[in-house]
Structures are given as C-alpha cells and as structure tokens.
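As stored in run_15.cif (mmCIF, C-alpha atoms):
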data_input
#
loop_
_atom_site.group_PDB
_atom_site.id
_atom_site.type_symbol
_atom_site.label_atom_id
_atom_site.label_comp_id
_atom_site.auth_asym_id
_atom_site.auth_seq_id
_atom_site.Cartn_x
_atom_site.Cartn_y
_atom_site.Cartn_z
ATOM 1 C CA MET A 28 4.211 0.064 -5.198
ATOM 2 C CA ILE A 29 7.136 -1.568 -7.037
ATOM 3 C CA LYS A 30 7.543 -5.065 -8.397
ATOM 4 C CA ILE A 31 11.238 -5.908 -8.841
ATOM 5 C CA ILE A 32 12.605 -8.823 -10.830
ATOM 6 C CA SER A 33 16.078 -9.920 -9.846
ATOM 7 C CA GLY A 34 17.570 -12.637 -11.896
ATOM 8 C CA LEU A 35 15.844 -15.758 -13.464
ATOM 9 C CA ILE A 36 13.151 -16.520 -16.032
ATOM 10 C CA PHE A 37 10.352 -18.887 -15.014
ATOM 11 C CA TYR A 38 7.775 -17.688 -17.510
ATOM 12 C CA GLY A 39 4.698 -19.769 -18.127
ATOM 13 C CA ILE A 40 2.504 -20.446 -15.123
ATOM 14 C CA LEU A 41 0.997 -23.800 -15.915
ATOM 15 C CA LEU A 42 -1.380 -24.030 -18.808
ATOM 16 C CA LEU A 43 -2.574 -27.336 -17.397
ATOM 17 C CA ASN A 44 -5.917 -27.562 -15.658
ATOM 18 C CA LEU A 45 -5.732 -29.959 -12.724
ATOM 19 C CA SER A 46 -9.369 -29.554 -11.778
ATOM 20 C CA GLY A 47 -10.285 -32.944 -13.240
ATOM 21 C CA PHE A 48 -8.048 -34.655 -10.705
ATOM 22 C CA LEU A 49 -9.662 -33.030 -7.680
ATOM 23 C CA ASN A 50 -13.344 -33.912 -7.884
ATOM 24 C CA GLY A 51 -14.014 -31.372 -10.605
ATOM 25 C CA ASN A 52 -13.148 -28.374 -8.447
ATOM 26 C CA LYS A 53 -11.421 -25.545 -10.265
ATOM 27 C CA ILE A 54 -7.967 -24.843 -8.799
ATOM 28 C CA PRO A 55 -6.811 -21.205 -8.510
ATOM 29 C CA GLN A 56 -3.671 -20.474 -10.526
ATOM 30 C CA ASN A 57 -1.841 -19.225 -7.436
ATOM 31 C CA ARG A 58 -1.863 -22.791 -6.080
ATOM 32 C CA LEU A 59 -0.137 -24.319 -9.099
ATOM 33 C CA HIS A 60 3.646 -24.550 -9.488
ATOM 34 C CA SER A 61 5.798 -25.817 -12.354
ATOM 35 C CA ILE A 62 9.364 -26.287 -13.594
ATOM 36 C CA ASN A 63 10.905 -27.601 -16.807
ATOM 37 C CA LEU A 64 12.728 -30.859 -16.114
ATOM 38 C CA ASP A 65 14.717 -30.824 -19.347
ATOM 39 C CA HIS A 66 15.668 -27.982 -21.666
ATOM 40 C CA ASP A 67 12.925 -28.775 -24.136
ATOM 41 C CA HIS A 68 9.454 -30.157 -23.406
ATOM 42 C CA VAL A 69 9.236 -32.195 -20.203
ATOM 43 C CA LYS A 70 7.509 -30.202 -17.472
ATOM 44 C CA MET A 71 6.605 -31.059 -13.891
ATOM 45 C CA SER A 72 3.633 -29.257 -12.387
ATOM 46 C CA TRP A 73 2.315 -29.731 -8.883
ATOM 47 C CA LEU A 74 -0.251 -28.628 -6.350
ATOM 48 C CA VAL A 75 0.090 -28.892 -2.575
ATOM 49 C CA ASP A 76 -2.984 -29.990 -0.651
ATOM 50 C CA TRP A 77 -2.180 -28.859 2.889
ATOM 51 C CA ASN A 78 -5.400 -30.277 4.339
ATOM 52 C CA SER A 79 -4.866 -33.846 3.173
ATOM 53 C CA LYS A 80 -1.052 -33.502 3.417
ATOM 54 C CA GLU A 81 -0.393 -34.750 -0.096
ATOM 55 C CA VAL A 82 1.029 -33.416 -3.356
ATOM 56 C CA PHE A 83 -0.592 -33.791 -6.768
ATOM 57 C CA PHE A 84 1.963 -34.102 -9.574
ATOM 58 C CA HIS A 85 1.573 -33.801 -13.345
ATOM 59 C CA ILE A 86 4.317 -34.623 -15.861
ATOM 60 C CA SER A 87 3.715 -33.436 -19.419
ATOM 61 C CA ASN A 88 5.476 -34.920 -22.468
ATOM 62 C CA ALA A 89 6.754 -37.814 -20.369
ATOM 63 C CA PHE A 90 6.420 -40.331 -23.215
ATOM 64 C CA GLU A 91 7.088 -38.139 -26.252
ATOM 65 C CA GLY A 92 8.697 -39.903 -29.194
ATOM 66 C CA ASP A 93 9.624 -43.530 -28.485
ATOM 67 C CA TYR A 94 9.935 -43.301 -24.701
ATOM 68 C CA THR A 95 8.031 -46.001 -22.841
ATOM 69 C CA TRP A 96 8.847 -45.304 -19.187
ATOM 70 C CA PHE A 97 9.453 -42.346 -16.916
ATOM 71 C CA SER A 98 10.522 -42.100 -13.279
ATOM 72 C CA LEU A 99 10.324 -39.227 -10.820
ATOM 73 C CA GLY A 100 12.051 -39.444 -7.489
ATOM 74 C CA PHE A 101 13.545 -37.736 -4.480
ATOM 75 C CA SER A 102 17.038 -37.921 -3.056
ATOM 76 C CA LYS A 103 18.585 -36.749 0.214
ATOM 77 C CA ARG A 104 21.577 -35.032 -1.398
ATOM 78 C CA GLY A 105 21.020 -35.236 -5.146
ATOM 79 C CA GLU A 106 22.610 -38.627 -5.741
ATOM 80 C CA PHE A 107 20.808 -41.531 -7.451
ATOM 81 C CA GLU A 108 21.923 -43.968 -4.761
ATOM 82 C CA ARG A 109 19.375 -44.527 -1.960
ATOM 83 C CA SER A 110 16.727 -42.459 -3.754
ATOM 84 C CA ASP A 111 12.931 -42.820 -3.601
ATOM 85 C CA LEU A 112 11.255 -43.372 -7.004
ATOM 86 C CA CYS A 113 7.876 -43.529 -8.702
ATOM 87 C CA ILE A 114 8.214 -45.445 -12.012
ATOM 88 C CA PHE A 115 5.569 -45.191 -14.753
ATOM 89 C CA GLN A 116 5.420 -47.352 -17.890
ATOM 90 C CA TRP A 117 3.107 -46.706 -20.822
ATOM 91 C CA GLN A 118 2.012 -49.762 -22.811
ATOM 92 C CA ASN A 119 -0.720 -48.641 -25.228
ATOM 93 C CA ASP A 120 -3.129 -48.035 -22.354
ATOM 94 C CA LEU A 121 -3.599 -51.811 -21.935
ATOM 95 C CA PHE A 122 -0.846 -52.799 -19.517
ATOM 96 C CA ASN A 123 0.191 -49.480 -18.028
ATOM 97 C CA ALA A 124 2.167 -49.823 -14.827
ATOM 98 C CA VAL A 125 3.177 -47.698 -11.840
ATOM 99 C CA VAL A 126 5.686 -48.888 -9.239
ATOM 100 C CA ASP A 127 6.844 -47.324 -5.989
ATOM 101 C CA ALA A 128 10.544 -48.196 -5.737
ATOM 102 C CA TYR A 129 13.878 -47.268 -4.198
ATOM 103 C CA THR A 130 17.498 -47.645 -5.316
ATOM 104 C CA SER A 131 20.256 -49.654 -3.699
ATOM 105 C CA ASP A 132 23.182 -48.176 -1.762
ATOM 106 C CA ASP A 133 25.385 -48.400 -4.881
ATOM 107 C CA GLY A 134 22.623 -47.313 -7.283
ATOM 108 C CA ASP A 135 23.014 -50.438 -9.434
ATOM 109 C CA SER A 136 19.618 -51.909 -8.548
ATOM 110 C CA ILE A 137 16.056 -50.659 -8.215
ATOM 111 C CA TYR A 138 13.971 -52.477 -5.596
ATOM 112 C CA PHE A 139 10.179 -52.558 -5.661
ATOM 113 C CA ASP A 140 8.742 -51.265 -2.401
ATOM 114 C CA ASP A 141 6.415 -53.519 -0.413
ATOM 115 C CA LYS A 142 4.297 -50.454 0.355
ATOM 116 C CA GLN A 143 3.028 -48.757 -2.817
ATOM 117 C CA ASP A 144 2.486 -45.024 -2.228
ATOM 118 C CA CYS A 145 2.665 -43.577 -5.769
ATOM 119 C CA ILE A 146 -1.066 -43.209 -6.399
ATOM 120 C CA LEU A 147 -1.767 -42.990 -10.131
ATOM 121 C CA LEU A 148 -4.588 -40.648 -11.148
ATOM 122 C CA ARG A 149 -4.184 -40.732 -14.919
ATOM 123 C CA MET A 150 -1.655 -41.802 -17.550
ATOM 124 C CA ASP A 151 -1.797 -41.522 -21.328
ATOM 125 C CA ASP A 152 0.697 -41.512 -24.199
ATOM 126 C CA ASN A 153 1.779 -37.975 -23.292
ATOM 127 C CA SER A 154 1.394 -37.312 -19.583
ATOM 128 C CA ILE A 155 1.210 -38.666 -16.042
ATOM 129 C CA ALA A 156 -0.834 -37.485 -13.081
ATOM 130 C CA PHE A 157 -0.302 -38.960 -9.627
ATOM 131 C CA LYS A 158 -0.293 -38.035 -5.957
ATOM 132 C CA LYS A 159 1.806 -38.855 -2.921
ATOM 133 C CA LYS A 160 1.557 -38.152 0.801
ATOM 134 C CA PHE A 161 3.991 -35.780 2.536
ATOM 135 C CA ASP A 162 4.855 -38.632 4.877
ATOM 136 C CA THR A 163 3.974 -42.203 3.857
ATOM 137 C CA CYS A 164 5.381 -43.782 7.050
ATOM 138 C CA ASP A 165 7.517 -45.945 4.770
ATOM 139 C CA PRO A 166 11.234 -46.170 5.702
ATOM 140 C CA HIS A 167 12.144 -46.339 2.004
ATOM 141 C CA ASP A 168 10.274 -43.099 1.147
ATOM 142 C CA LEU A 169 11.659 -39.639 1.784
ATOM 143 C CA ILE A 170 9.473 -37.305 3.824
ATOM 144 C CA MET A 171 8.528 -34.164 1.912
ATOM 145 C CA HIS A 172 9.481 -31.047 3.843
ATOM 146 C CA GLU A 173 9.234 -27.272 3.364
ATOM 147 C CA GLY A 174 12.908 -26.820 2.527
ATOM 148 C CA THR A 175 14.643 -27.402 -0.791
ATOM 149 C CA MET A 176 14.462 -31.005 -2.015
ATOM 150 C CA TYR A 177 16.416 -32.870 -4.679
ATOM 151 C CA VAL A 178 14.117 -34.061 -7.468
ATOM 152 C CA LEU A 179 15.402 -36.735 -9.869
ATOM 153 C CA TRP A 180 13.911 -37.703 -13.224
ATOM 154 C CA THR A 181 14.787 -40.408 -15.749
ATOM 155 C CA ARG A 182 13.198 -41.832 -18.875
ATOM 156 C CA GLY A 183 13.971 -44.613 -21.336
ATOM 157 C CA ILE A 184 12.925 -46.272 -24.571
ATOM 158 C CA GLU A 185 13.340 -49.977 -23.807
ATOM 159 C CA GLU A 186 10.549 -51.368 -21.644
ATOM 160 C CA LEU A 187 11.389 -52.260 -18.054
ATOM 161 C CA ASP A 188 10.598 -55.723 -16.704
ATOM 162 C CA LEU A 189 8.401 -54.557 -13.856
ATOM 163 C CA ASP A 190 6.991 -58.072 -13.363
ATOM 164 C CA SER A 191 10.406 -59.578 -12.680
ATOM 165 C CA GLY A 192 9.928 -60.017 -8.966
ATOM 166 C CA THR A 193 11.455 -57.765 -6.344
ATOM 167 C CA TYR A 194 14.022 -55.701 -8.248
ATOM 168 C CA ILE A 195 15.571 -54.794 -11.615
ATOM 169 C CA ALA A 196 19.013 -53.638 -12.658
ATOM 170 C CA THR A 197 19.231 -49.855 -13.005
ATOM 171 C CA PRO A 198 18.787 -49.123 -16.746
ATOM 172 C CA ASN A 199 21.428 -47.192 -18.646
ATOM 173 C CA THR A 200 20.300 -43.781 -19.888
ATOM 174 C CA THR A 201 21.972 -40.888 -21.662
ATOM 175 C CA SER A 202 22.550 -37.476 -20.068
ATOM 176 C CA LYS A 203 19.646 -35.977 -22.014
ATOM 177 C CA ASP A 204 17.271 -38.500 -20.472
ATOM 178 C CA ASN A 205 17.913 -37.839 -16.797
ATOM 179 C CA GLY A 206 18.497 -34.922 -14.495
ATOM 180 C CA MET A 207 18.333 -33.443 -11.015
ATOM 181 C CA HIS A 208 16.672 -30.254 -9.786
ATOM 182 C CA MET A 209 16.685 -28.529 -6.427
ATOM 183 C CA VAL A 210 13.045 -27.614 -5.800
ATOM 184 C CA GLN A 211 10.927 -26.427 -2.912
ATOM 185 C CA ILE A 212 8.000 -28.812 -3.342
ATOM 186 C CA LEU A 213 6.057 -27.780 -0.230
ATOM 187 C CA ARG A 214 6.015 -24.104 -1.085
ATOM 188 C CA ALA A 215 3.367 -21.639 -0.037
ATOM 189 C CA ASP A 216 0.652 -20.707 -2.487
ATOM 190 C CA ALA A 217 1.340 -17.490 -4.375
ATOM 191 C CA ILE A 218 0.096 -14.324 -2.683
ATOM 192 C CA ASP A 219 -2.108 -12.042 -4.762
ATOM 193 C CA ILE A 220 -0.943 -8.425 -4.889
ATOM 194 C CA PRO A 221 -3.965 -6.198 -4.184
ATOM 195 C CA GLU A 222 -2.464 -3.054 -5.761
ATOM 196 C CA ARG A 223 -3.031 -2.580 -9.484
ATOM 197 C CA LYS A 224 -0.749 0.399 -10.166
ATOM 198 C CA LEU A 225 2.590 -1.395 -10.108
ATOM 199 C CA LYS A 226 5.914 -0.467 -11.653
ATOM 200 C CA HIS A 227 8.015 -3.285 -13.046
ATOM 201 C CA ILE A 228 11.788 -2.879 -12.587
ATOM 202 C CA GLU A 229 14.273 -5.360 -14.097
ATOM 203 C CA ILE A 230 17.710 -5.917 -12.563
ATOM 204 C CA LEU A 231 19.393 -8.315 -14.979
ATOM 205 C CA LEU A 232 22.762 -9.409 -16.304
ATOM 206 C CA ASP A 233 23.109 -9.025 -20.060
ATOM 207 C CA HIS A 234 24.829 -11.851 -22.018
ATOM 208 C CA VAL A 235 27.527 -12.830 -19.550
ATOM 209 C CA THR A 236 30.052 -15.352 -20.895
ATOM 210 C CA ILE A 237 30.861 -17.795 -18.102
ATOM 211 C CA PRO A 238 34.550 -18.737 -17.783
ATOM 212 C CA ASP A 239 35.506 -22.428 -17.660
ATOM 213 C CA GLN A 240 35.971 -22.516 -13.892
ATOM 214 C CA GLU A 241 33.821 -24.085 -11.197
ATOM 215 C CA THR A 242 32.827 -20.935 -9.282
ATOM 216 C CA THR A 243 32.259 -17.417 -10.590
ATOM 217 C CA TYR A 244 30.738 -14.453 -8.776
ATOM 218 C CA TRP A 245 29.549 -11.831 -11.277
ATOM 219 C CA CYS A 246 28.638 -8.299 -10.208
ATOM 220 C CA LYS A 247 26.713 -5.562 -11.949
ATOM 221 C CA VAL A 248 26.407 -2.062 -10.472
ATOM 222 C CA GLN A 249 23.684 0.079 -11.982
ATOM 223 C CA LYS A 250 21.737 3.252 -11.309
ATOM 224 C CA ILE A 251 18.011 2.770 -10.917
ATOM 225 C CA ASP A 252 15.164 4.909 -12.178
ATOM 226 C CA LYS A 253 14.600 8.534 -11.172
ATOM 227 C CA ILE A 254 11.175 7.596 -9.804
ATOM 228 C CA PHE A 255 12.960 6.527 -6.629
ATOM 229 C CA ARG A 256 13.529 10.135 -5.720
ATOM 230 C CA LYS A 257 10.180 9.549 -4.053
ATOM 231 C CA LYS A 258 9.628 6.761 -1.561
ATOM 232 C CA HIS A 259 8.031 3.551 -2.816
ATOM 233 C CA HIS A 260 7.591 0.013 -1.475
ATOM 234 C CA ILE A 261 8.710 -3.249 -3.072
ATOM 235 C CA VAL A 262 5.950 -5.852 -2.918
ATOM 236 C CA GLN A 263 7.502 -8.734 -4.868
ATOM 237 C CA PHE A 264 10.832 -10.132 -6.048
ATOM 238 C CA GLU A 265 10.697 -12.591 -8.929
ATOM 239 C CA PRO A 266 13.667 -14.633 -10.225
ATOM 240 C CA ALA A 267 14.484 -14.415 -13.950
ATOM 241 C CA ILE A 268 16.964 -17.106 -15.043
ATOM 242 C CA VAL A 269 17.937 -18.523 -18.418
ATOM 243 C CA ASN A 270 20.551 -21.164 -17.523
ATOM 244 C CA GLU A 271 18.979 -22.766 -14.459
ATOM 245 C CA ASP A 272 21.717 -25.403 -14.189
ATOM 246 C CA LEU A 273 24.455 -22.757 -13.790
ATOM 247 C CA VAL A 274 22.898 -20.213 -11.420
ATOM 248 C CA HIS A 275 23.386 -21.124 -7.762
ATOM 249 C CA HIS A 276 22.137 -17.987 -6.018
ATOM 250 C CA ILE A 277 21.413 -14.283 -6.619
ATOM 251 C CA GLU A 278 21.586 -11.252 -4.341
ATOM 252 C CA VAL A 279 20.616 -7.618 -4.811
ATOM 253 C CA PHE A 280 22.450 -5.056 -2.674
ATOM 254 C CA HIS A 281 21.788 -1.369 -2.092
ATOM 255 C CA CYS A 282 24.690 1.099 -2.117
ATOM 256 C CA ASP A 283 23.925 2.443 1.341
ATOM 257 C CA THR A 284 25.692 5.793 1.328
ATOM 258 C CA GLY A 285 24.876 9.484 0.866
ATOM 259 C CA PRO A 286 22.176 10.294 -1.711
ATOM 260 C CA ASP A 287 24.562 12.348 -3.872
ATOM 261 C CA VAL A 288 27.495 9.896 -3.853
ATOM 262 C CA GLU A 289 28.332 8.667 -7.371
ATOM 263 C CA ILE A 290 29.145 4.940 -7.620
ATOM 264 C CA PRO A 291 31.078 3.704 -10.708
ATOM 265 C CA LEU A 292 29.015 1.509 -13.002
ATOM 266 C CA TYR A 293 30.456 -1.986 -13.321
ATOM 267 C CA ASP A 294 29.715 -5.302 -15.050
ATOM 268 C CA GLY A 295 32.290 -8.039 -14.378
ATOM 269 C CA ASP A 296 33.921 -10.479 -11.970
ATOM 270 C CA CYS A 297 33.206 -9.518 -8.351
ATOM 271 C CA ASN A 298 36.879 -10.044 -7.511
ATOM 272 C CA THR A 299 37.711 -6.857 -9.415
ATOM 273 C CA LEU A 300 34.794 -4.786 -8.152
ATOM 274 C CA PRO A 301 35.845 -1.087 -7.926
ATOM 275 C CA GLU A 302 36.711 0.034 -4.404
ATOM 276 C CA LYS A 303 33.989 2.695 -4.364
ATOM 277 C CA ALA A 304 31.374 0.038 -5.216
ATOM 278 C CA LYS A 305 32.148 -2.047 -2.128
ATOM 279 C CA VAL A 306 29.772 0.190 -0.193
ATOM 280 C CA CYS A 307 26.991 -1.620 -2.091
ATOM 281 C CA SER A 308 26.516 -4.271 0.585
ATOM 282 C CA LYS A 309 23.093 -3.784 2.164
ATOM 283 C CA VAL A 310 20.954 -6.809 1.217
ATOM 284 C CA MET A 311 17.655 -5.982 -0.488
ATOM 285 C CA ALA A 312 16.714 -9.366 -1.935
ATOM 286 C CA LEU A 313 18.125 -12.829 -2.472
ATOM 287 C CA TRP A 314 17.301 -16.055 -4.278
ATOM 288 C CA ALA A 315 18.801 -19.567 -4.071
ATOM 289 C CA MET A 316 18.292 -22.786 -6.012
ATOM 290 C CA GLY A 317 14.891 -24.290 -5.361
ATOM 291 C CA ALA A 318 13.245 -21.028 -4.295
ATOM 292 C CA SER A 319 10.464 -19.258 -6.165
ATOM 293 C CA THR A 320 8.925 -15.791 -6.359
ATOM 294 C CA PHE A 321 8.791 -13.948 -3.034
ATOM 295 C CA THR A 322 5.759 -11.772 -2.325
ATOM 296 C CA TYR A 323 5.355 -9.627 0.784
ATOM 297 C CA PRO A 324 2.086 -9.950 2.742
ATOM 298 C CA LYS A 325 -0.483 -7.405 1.595
ATOM 299 C CA GLU A 326 0.028 -5.153 4.626
ATOM 300 C CA THR A 327 3.815 -4.902 4.183
ATOM 301 C CA GLY A 328 6.514 -3.938 1.684
ATOM 302 C CA LEU A 329 10.211 -3.083 1.555
ATOM 303 C CA PRO A 330 10.797 0.708 1.576
ATOM 304 C CA ILE A 331 12.899 1.992 -1.310
ATOM 305 C CA GLY A 332 13.696 5.527 -2.467
ATOM 306 C CA GLY A 333 13.220 8.942 -0.955
ATOM 307 C CA LYS A 334 15.309 12.103 -0.657
ATOM 308 C CA ASP A 335 18.043 10.364 1.377
ATOM 309 C CA PHE A 336 18.207 7.269 -0.846
ATOM 310 C CA ASN A 337 21.275 6.583 -2.994
ATOM 311 C CA PRO A 338 20.073 5.406 -6.461
ATOM 312 C CA TYR A 339 22.786 2.764 -7.050
ATOM 313 C CA ILE A 340 22.395 -1.003 -6.518
ATOM 314 C CA ARG A 341 24.564 -4.062 -7.119
ATOM 315 C CA LEU A 342 23.369 -7.384 -8.554
ATOM 316 C CA GLU A 343 25.552 -10.373 -7.627
ATOM 317 C CA VAL A 344 25.097 -13.772 -9.285
ATOM 318 C CA HIS A 345 26.916 -16.939 -8.216
ATOM 319 C CA PHE A 346 27.490 -19.258 -11.180
ATOM 320 C CA ASN A 347 28.269 -22.896 -10.324
ATOM 321 C CA ASN A 348 29.997 -24.647 -13.241
ATOM 322 C CA PRO A 349 31.350 -28.034 -12.005
ATOM 323 C CA ASP A 350 31.600 -29.408 -15.566
ATOM 324 C CA LEU A 351 33.817 -26.433 -16.530
ATOM 325 C CA ARG A 352 31.650 -25.559 -19.507
ATOM 326 C CA LYS A 353 33.096 -22.719 -21.544
ATOM 327 C CA GLY A 354 31.405 -19.816 -23.263
ATOM 328 C CA GLU A 355 27.937 -20.238 -21.748
ATOM 329 C CA ASP A 356 25.788 -17.089 -21.903
#
Now that the file is in, can you turn its structure into structure tokens?
Amino acid sequence: MIKIISGLIFYGILLLNLSGFLNGNKIPQNRLHSINLDHDHVKMSWLVDWNSKEVFFHISNAFEGDYTWFSLGFSKRGEFERSDLCIFQWQNDLFNAVVDAYTSDDGDSIYFDDKQDCILLRMDDNSIAFKKKFDTCDPHDLIMHEGTMYVLWTRGIEELDLDSGTYIATPNTTSKDNGMHMVQILRADAIDIPERKLKHIEILLDHVTIPDQETTYWCKVQKIDKIFRKKHHIVQFEPAIVNEDLVHHIEVFHCDTGPDVEIPLYDGDCNTLPEKAKVCSKVMALWAMGASTFTYPKETGLPIGGKDFNPYIRLEVHFNNPDLRKGED
C-alpha cells in the first residue's frame, strides 16, 4: 500500500484537547481539524458534531500581545460586505463580551444581530472556544454547507463599543490583522488506514520562484521509484503546501503510455512543457483550495504500477498571484 503526498504542508494535527468542551468526553484526533489563520501564531481548530448539527471552534493566540478583540466570520464570496460575524472581546475576564453580528452592504458598518447564535464556551487572555449551529434559521447568518466556505478573521487593539446600541462603524485594521481563507468546514472525519506497512512517496516542487503575474501553471515531470515495477495501491493523498495564499489547486497526472517510453524530465512553466511530456494527462489526484487530505475507504485503493505501467508522472500546480508579488518561493 502506498501513501502519496502531492503538494502542500499542513503539519501539526491539533495539539489542543477539546474534551473539556464536550462533557469531558475524549475526542479522537481524526475528528479534529485545524488551519493557521495568519503566518505566525493564530490557529483555528474545529470539530464537527454531525448529530447535533453544530460546529465547535477554538481560536488559539487570539489576544496575543495587546489585542483586545477578535472576530471570526463567514462570507458568500470572500468579501467583507454582507458577511456573518462572531465578535469576541477580552476585558480582563470581568467584562468579556461575545456578539453575533453582520456587516452592511457596503461593509462600513457592523450590525448586532437580534438573534445571538455565537455560543461562547470559554474565553481567556489567549484563546476562544465557541460553537454554532449549521443552520441557525437566522436570515443574517450563513448556512454552513459541505462545500468550500470563505472564512474571515479580524483582530484589533482598541476596544470596540459593543454596548453602543445596534451597530458600530467597521474598525480600521492593518493587513496583518485580517485575512480570508477558503475552508471546507463541514468535512468528513479522517479515515484511519488499517494497513501498517505503508510507503511514503513525495511529489513536490522544489524552490519555485513565482513570476510577478497573476496566473502561473508550473509543471514538474519526474520518474517515480522502481518499486512500482510491481503493482501497488494508493490509499491516501495528502496536500503539502508552504505558501497557502498562492496555491490555487494541484493535480498529479500519470504519463499513460508504453512502459518503456522515456519521458523528458522537466521543471518549469507548463506553457513550455516538452511535446513528449504532453502524454502525461491521466489524472491520478487533485487538490483545490479548502480541501484536505483524501483517504480511500479501507476496502479500496487506486492501482499504481505493474509490468505495463510507465514510471513517469507530472505534477501541475496553479499559482494565483493577484497582488503580483515577485520572487516568492
């Protein structure tokens, strides 16, 4: 059995124990999910309770340094306008506040929702734990679904006037204090792989310098290990990404041709892919923003290798660079 990694690096499966939030029951690690919201310390972890149709969230390092408030929200298309927010404010554990809110059509105002559905479980000077229903039956709340959702986060130093009535002006924040991620919140729990004798194969790009253009498709053709002269089965594909904000999607293709056909090795822009490498077009695996590790059910796997198998594959990565950043590796 083979475990193949194809592109992005989400190391670190949640060192947080959420059992204290769920009546003391210990939660299996395969039910916990997490992403880094910024490039440093702020992490969002979550657990999906399919029976009660709600999601338990945990934000670590929300109030590090001098930050006093933090908001987490959802948006239909990634914009701040008309988004659904949960706002948390830390005030020395004496006057802590949580507000269910939504933004105006122009994004200049934040209105406090009449129906409060951000249920606080715990908040301290470092972290937040709360839960929210998949569907709150509130017209101002977005319904959580099993596709990719846009998750927004913001934090600030100056305290918000959450007792001001029905709304506040949207606070100004710097680019390092807000962000957007495409995430599959209602994702299936991880599937345990029953086999213990697994081979780990990495299919990675190595220090690619991204040009200062909005869209780049980068291809790498490589020859895989000689072990595939015998037939194996792939049981899992795991993304491995460094610059999450630049990688839009990843595909792995097999060079589906005769077993003895030599394919030229290549590492460069897909627009100049060698003619002989264009035969590498049979999809083996793919990943897109918001997706996670894919594991086949225990009774299945993707066949790979054998005497009629060509040992060449092509990795294709789509880099999305709307800010035209230059020299990113």
Legend entry - Result set of the PyMOL selection byres ((chain A and resi 339) around 6) on the coordinates above, as number ranges by chain: A: 249-250, 282, 337-338, 340
I need the chosen residues saved as a PDB file, keeping the file's coordinate frame, with C-alpha atoms.
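Output below, filename again_33.pdb:
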ATOM      1  CA  GLN A 249      23.684   0.079 -11.982  1.00  0.00           C
ATOM      2  CA  LYS A 250      21.737   3.252 -11.309  1.00  0.00           C
ATOM      3  CA  CYS A 282      24.690   1.099  -2.117  1.00  0.00           C
ATOM      4  CA  ASN A 337      21.275   6.583  -2.994  1.00  0.00           C
ATOM      5  CA  PRO A 338      20.073   5.406  -6.461  1.00  0.00           C
ATOM      6  CA  ILE A 340      22.395  -1.003  -6.518  1.00  0.00           C
TER       7      ILE A 340
END
Inset, instruction - Check what the PyMOL selection byres ((chain A and resi 86) around 9) selects in the file above and give those residues as an MDAnalysis selection string. - result: chainID A and resid 69:73 84:85 87:89 153:157
Inset, instruction - Run the PyMOL selection byres ((chain A and resi 101) around 6) on the file and write out the hits as a PyMOL selection string. - result: chain A and resi 100+102+110-111+177-179
Inset, instruction - Go through A:Thr299, A:Glu106, A:Leu342, A:Phe122 one by one, measure the shortest atom-to-atom distance of each to A:Leu189 using all atoms listed in the file, and give the residue with the smallest value. - result: A:Phe122
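Interatomic distance, atom CA of A:Glu271 against atom CA of A:Ser319: 12.4 Å.
Of the listed residues (A:Lys309, A:Asp287, A:Leu232, A:Trp314), A:Trp314 comes nearest to A:Glu265; the distances count only C-alpha atoms.
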Legend entry - Nearest candidate to A:Tyr244 (options A:Ser136, A:Ser61, A:Ser202, A:Asn347; using all atoms listed in the file): A:Asn347
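Those residues that approach A:Ile184 to within 12 Å, counting all atoms listed in the file, are Ala89, Phe90, Glu91, Gly92, Asp93, Tyr94, Thr95, Trp96, Phe97, Gln116, Trp117, Gln118, Pro198, Asn199, Thr200, Thr201 and Asp204 of chain A; same-chain residues fewer than 5 positions away are not listed.
Rounded to one decimal, atom CA of A:His276 and atom CA of A:Ser308 lie 15.8 Å from each other.
Rounded to one decimal, atom CA of A:Met171 and atom CA of A:Phe346 lie 27.4 Å from each other.
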Emit as JSON the padded axis-aligned box for all listed atoms of stretch 97-112 of chain A, 4 Å per side, with centre and edge lengths in Å to one decimal.
{"center_x": 16.0, "center_y": -39.8, "center_z": -8.4, "size_x": 21.2, "size_y": 17.5, "size_z": 25.1}
Legend entry - Among the residues A:Asp127, A:Asp141, A:Glu185, A:Asp135, the one that comes closest to A:Lys159 [using only C-alpha atoms]: A:Asp127
Inset, instruction - For each of A:Ile170, A:Ile195, A:Leu231, A:Val269, take the minimum atom-to-atom distance to A:Ile114, counting all atoms listed in the file, then give the residue where this is smallest. - result: A:Ile195
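Using only C-alpha atoms, the nearest neighbour of A:Ala318 within the list A:Val288, A:Ile220, A:Val210, A:Ile331 is A:Val210.
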